[in-house]
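Below is one structure; the comments refer to it alone.
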Amino acid sequence: MNRILVTGGAGFLGSHLCDRLIKDGHDVLCVDNFFTGSKTNIAHLIGSPYFELMRHDVTFPLYVEVDQIYNLACPASPVHYQYDPVQTTKTSVHGAINMLGLAKRVKARIFQASTSEVYGDPVVHPQVESYWGNVNPIGLRSCYDEGKRCAETLFFDYFRQHNLDIKVARIFNTYGPRMHPNDGRVVSNFIVQALKGDDITLYGDGSQTRSFCYVDDLIEGFVRLMNTEPGFTGPINLGNPGEFSMRELAEKIMLLTASKSKLVFMPLPEDDPKQRQPDITLAKSKLDWTPAVALEDGLKETIAYFRILLNA
């Protein structure tokens, strides 16, 4: 049994990770400030002798005794991270500094939930870990993109300077139950609009592409990366290489929900990437990891969750 800290543990990904770690027999400390996280995501774990919940903001230091740290704390959708962009950058940068400081003090292994957004609007496709990215440092998305890039810098400087045991994952679009219904992400947007019978909003001509990984597959990748040998740091891409246009996704969701919604087209947001697809060669070879859940199967689970949430 490891004592494991999960920051952002009441969020979409964090709550699924807490589930997995408890199931694997670990003692979990879930830390969240509940800006985007929700107690309902982890309510079923309260009462377990191996689960503890703490309200805390990672921009302030934390003093606990743990063996491993998963640093997931940060709003991850444009709606939320653009609400308070200064705080978003602080969460990525100060949060990384505080968690790295904690890991150094207690000699814990530490995992950073980075993002495919470090690649920006990529000119290399699919994206490989060696690609440095094409990021606007002063745009509306920069608080998140550059915050996560700076966090990676800090992780690797702690690795080089203090020999800290780090693991860095670059997460591509992930979906599944417990997504926030108003987070502005494309899967939750489309499902909510389809279930309500509202127009489904496509930006540009709907030809821009994304790759969608079901949450259970991603969490499996997290755990496998965390348990690699010391010295293997990443960064490593975790995502599903299956690539779909926004229009294809909207039409698939309309079919699965039997929705009468109509497609409407809006101007493309600033700095919105036109393509996003992970090269997971490294994850396959190093983690023996490949996503197993097909998009249609994952969407059915996610739609079922939102039907209950919306009483639709």
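Please note that chains go A, B, ... in the order of the structure tokens, that every chain numbers its residues from 1, and that ligands are numbered from 1 in the order shown.
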
(request) Mind checking which residues fall within 10 Å of segment 283-288 of chain A, counting only C-alpha atoms, ignoring those fewer than 4 positions away in the same chain, and posting them as a ChimeraX atom specification? (result) /A:169,220-228,232,234-239,279

Resulting file, chosen residues, all heavy atoms, as a short mmCIF file (atom, residue, chain, number, x, y, z; two decimals), in the first residue's frame:
data_model
loop_
_atom_site.label_atom_id
_atom_site.label_comp_id
_atom_site.auth_asym_id
_atom_site.auth_seq_id
_atom_site.Cartn_x
_atom_site.Cartn_y
_atom_site.Cartn_z
N ALA A 169 3.14 13.21 -18.12
CA ALA A 169 2.23 12.73 -19.16
C ALA A 169 1.60 13.91 -19.89
O ALA A 169 1.18 14.88 -19.25
CB ALA A 169 1.12 11.88 -18.54
N GLU A 220 -5.60 4.13 -16.88
CA GLU A 220 -4.69 2.98 -17.00
C GLU A 220 -3.30 3.45 -17.42
O GLU A 220 -2.28 2.99 -16.88
CB GLU A 220 -5.25 1.98 -18.01
CG GLU A 220 -4.36 0.77 -18.27
CD GLU A 220 -4.22 -0.16 -17.07
OE1 GLU A 220 -5.14 -0.21 -16.24
OE2 GLU A 220 -3.15 -0.82 -16.98
N GLY A 221 -3.24 4.39 -18.36
CA GLY A 221 -1.96 4.94 -18.79
C GLY A 221 -1.25 5.68 -17.66
O GLY A 221 -0.03 5.57 -17.49
N PHE A 222 -2.02 6.43 -16.86
CA PHE A 222 -1.44 7.14 -15.70
C PHE A 222 -0.73 6.16 -14.77
O PHE A 222 0.42 6.37 -14.37
CB PHE A 222 -2.56 7.82 -14.89
CG PHE A 222 -3.06 9.13 -15.41
CD1 PHE A 222 -2.75 9.57 -16.68
CD2 PHE A 222 -3.87 9.93 -14.61
CE1 PHE A 222 -3.23 10.78 -17.15
CE2 PHE A 222 -4.36 11.14 -15.07
CZ PHE A 222 -4.04 11.57 -16.34
N VAL A 223 -1.45 5.11 -14.40
CA VAL A 223 -0.93 4.16 -13.41
C VAL A 223 0.30 3.44 -13.97
O VAL A 223 1.30 3.24 -13.25
CB VAL A 223 -2.04 3.17 -12.99
CG1 VAL A 223 -1.48 2.05 -12.12
CG2 VAL A 223 -3.15 3.92 -12.25
N ARG A 224 0.24 3.07 -15.24
CA ARG A 224 1.40 2.40 -15.83
C ARG A 224 2.62 3.31 -15.87
O ARG A 224 3.74 2.87 -15.61
CB ARG A 224 1.06 1.90 -17.24
CG ARG A 224 0.08 0.76 -17.24
CD ARG A 224 -0.05 0.11 -18.61
NE ARG A 224 -1.12 -0.89 -18.62
CZ ARG A 224 -1.22 -1.84 -19.51
NH1 ARG A 224 -0.32 -1.94 -20.49
NH2 ARG A 224 -2.21 -2.70 -19.47
N LEU A 225 2.41 4.59 -16.22
CA LEU A 225 3.54 5.54 -16.25
C LEU A 225 4.10 5.74 -14.85
O LEU A 225 5.33 5.73 -14.66
CB LEU A 225 3.08 6.87 -16.83
CG LEU A 225 4.12 8.01 -16.81
CD1 LEU A 225 5.41 7.61 -17.53
CD2 LEU A 225 3.54 9.28 -17.43
N MET A 226 3.23 5.91 -13.86
CA MET A 226 3.71 6.13 -12.50
C MET A 226 4.56 4.97 -12.00
O MET A 226 5.47 5.15 -11.20
CB MET A 226 2.51 6.34 -11.57
CG MET A 226 2.89 6.68 -10.13
SD MET A 226 3.86 8.21 -9.98
CE MET A 226 2.73 9.24 -9.04
N ASN A 227 4.28 3.77 -12.51
CA ASN A 227 4.98 2.58 -12.02
C ASN A 227 6.14 2.14 -12.90
O ASN A 227 6.65 1.02 -12.75
CB ASN A 227 3.98 1.44 -11.81
CG ASN A 227 3.01 1.74 -10.68
OD1 ASN A 227 3.43 2.15 -9.61
ND2 ASN A 227 1.73 1.56 -10.91
N THR A 228 6.58 3.01 -13.82
CA THR A 228 7.80 2.70 -14.59
C THR A 228 9.02 2.87 -13.70
O THR A 228 8.96 3.46 -12.62
CB THR A 228 7.92 3.61 -15.83
OG1 THR A 228 7.77 4.98 -15.44
CG2 THR A 228 6.87 3.27 -16.87
N PHE A 232 13.02 6.93 -15.87
CA PHE A 232 12.15 7.18 -17.02
C PHE A 232 11.20 8.30 -16.64
O PHE A 232 10.32 8.13 -15.80
CB PHE A 232 11.37 5.93 -17.45
CG PHE A 232 10.46 6.22 -18.63
CD1 PHE A 232 10.99 6.39 -19.90
CD2 PHE A 232 9.10 6.38 -18.46
CE1 PHE A 232 10.18 6.69 -20.98
CE2 PHE A 232 8.27 6.68 -19.52
CZ PHE A 232 8.81 6.84 -20.80
N GLY A 234 9.46 10.49 -19.04
CA GLY A 234 8.61 11.09 -20.05
C GLY A 234 9.33 12.33 -20.56
O GLY A 234 10.54 12.46 -20.39
N PRO A 235 8.61 13.28 -21.18
CA PRO A 235 7.17 13.29 -21.34
C PRO A 235 6.69 12.19 -22.29
O PRO A 235 7.43 11.77 -23.18
CB PRO A 235 6.87 14.68 -21.92
CG PRO A 235 8.13 15.07 -22.61
CD PRO A 235 9.24 14.46 -21.82
N ILE A 236 5.46 11.76 -22.04
CA ILE A 236 4.90 10.69 -22.85
C ILE A 236 3.45 11.06 -23.20
O ILE A 236 2.69 11.52 -22.36
CB ILE A 236 4.99 9.34 -22.09
CG1 ILE A 236 4.68 8.16 -23.02
CG2 ILE A 236 4.12 9.32 -20.85
CD1 ILE A 236 5.12 6.81 -22.44
N ASN A 237 3.12 10.91 -24.48
CA ASN A 237 1.75 11.20 -24.93
C ASN A 237 0.80 10.11 -24.47
O ASN A 237 1.08 8.92 -24.65
CB ASN A 237 1.70 11.25 -26.47
CG ASN A 237 2.38 12.46 -27.05
OD1 ASN A 237 2.54 13.49 -26.40
ND2 ASN A 237 2.80 12.35 -28.31
N LEU A 238 -0.34 10.52 -23.91
CA LEU A 238 -1.40 9.58 -23.57
C LEU A 238 -2.69 10.09 -24.21
O LEU A 238 -3.20 11.16 -23.87
CB LEU A 238 -1.58 9.47 -22.05
CG LEU A 238 -0.43 8.81 -21.28
CD1 LEU A 238 -0.70 8.83 -19.78
CD2 LEU A 238 -0.19 7.38 -21.75
N GLY A 239 -3.20 9.34 -25.16
CA GLY A 239 -4.41 9.72 -25.87
C GLY A 239 -4.73 8.64 -26.88
O GLY A 239 -3.96 7.71 -27.10
N ASP A 279 0.90 10.83 -31.31
CA ASP A 279 1.72 9.69 -31.69
C ASP A 279 1.99 8.94 -30.38
O ASP A 279 2.62 9.49 -29.47
CB ASP A 279 3.02 10.16 -32.33
CG ASP A 279 3.89 9.00 -32.80
OD1 ASP A 279 4.16 8.09 -31.99
OD2 ASP A 279 4.31 9.01 -33.97
#

(request) Would you list the contacts of segment 200-203 of chain A as a count of residues only, taking every protein, DNA or RNA residue within 8 Å and counting only C-alpha atoms, but skipping same-chain residues closer than 4 positions in sequence? (result) 16

(request) Pull the strand (DSSP E or B) assignments for segment 37-270 of chain A out of DSSP run on the backbone, and list those residues as a VMD selection string. (result) chain A and resid 51 to 55 68 to 71 109 to 115 120 127 134 166 to 171 174 to 175 200 to 203 209 to 211 213 to 214 236 to 238 243 to 245 263 to 266

(request) Using backbone DSSP assignments, extract all helix (DSSP H, G or I) residues from segment 47-183 of chain A; output them as a PyMOL selection string. (result) chain A and resi 78-81+85-106+116-119+142-162
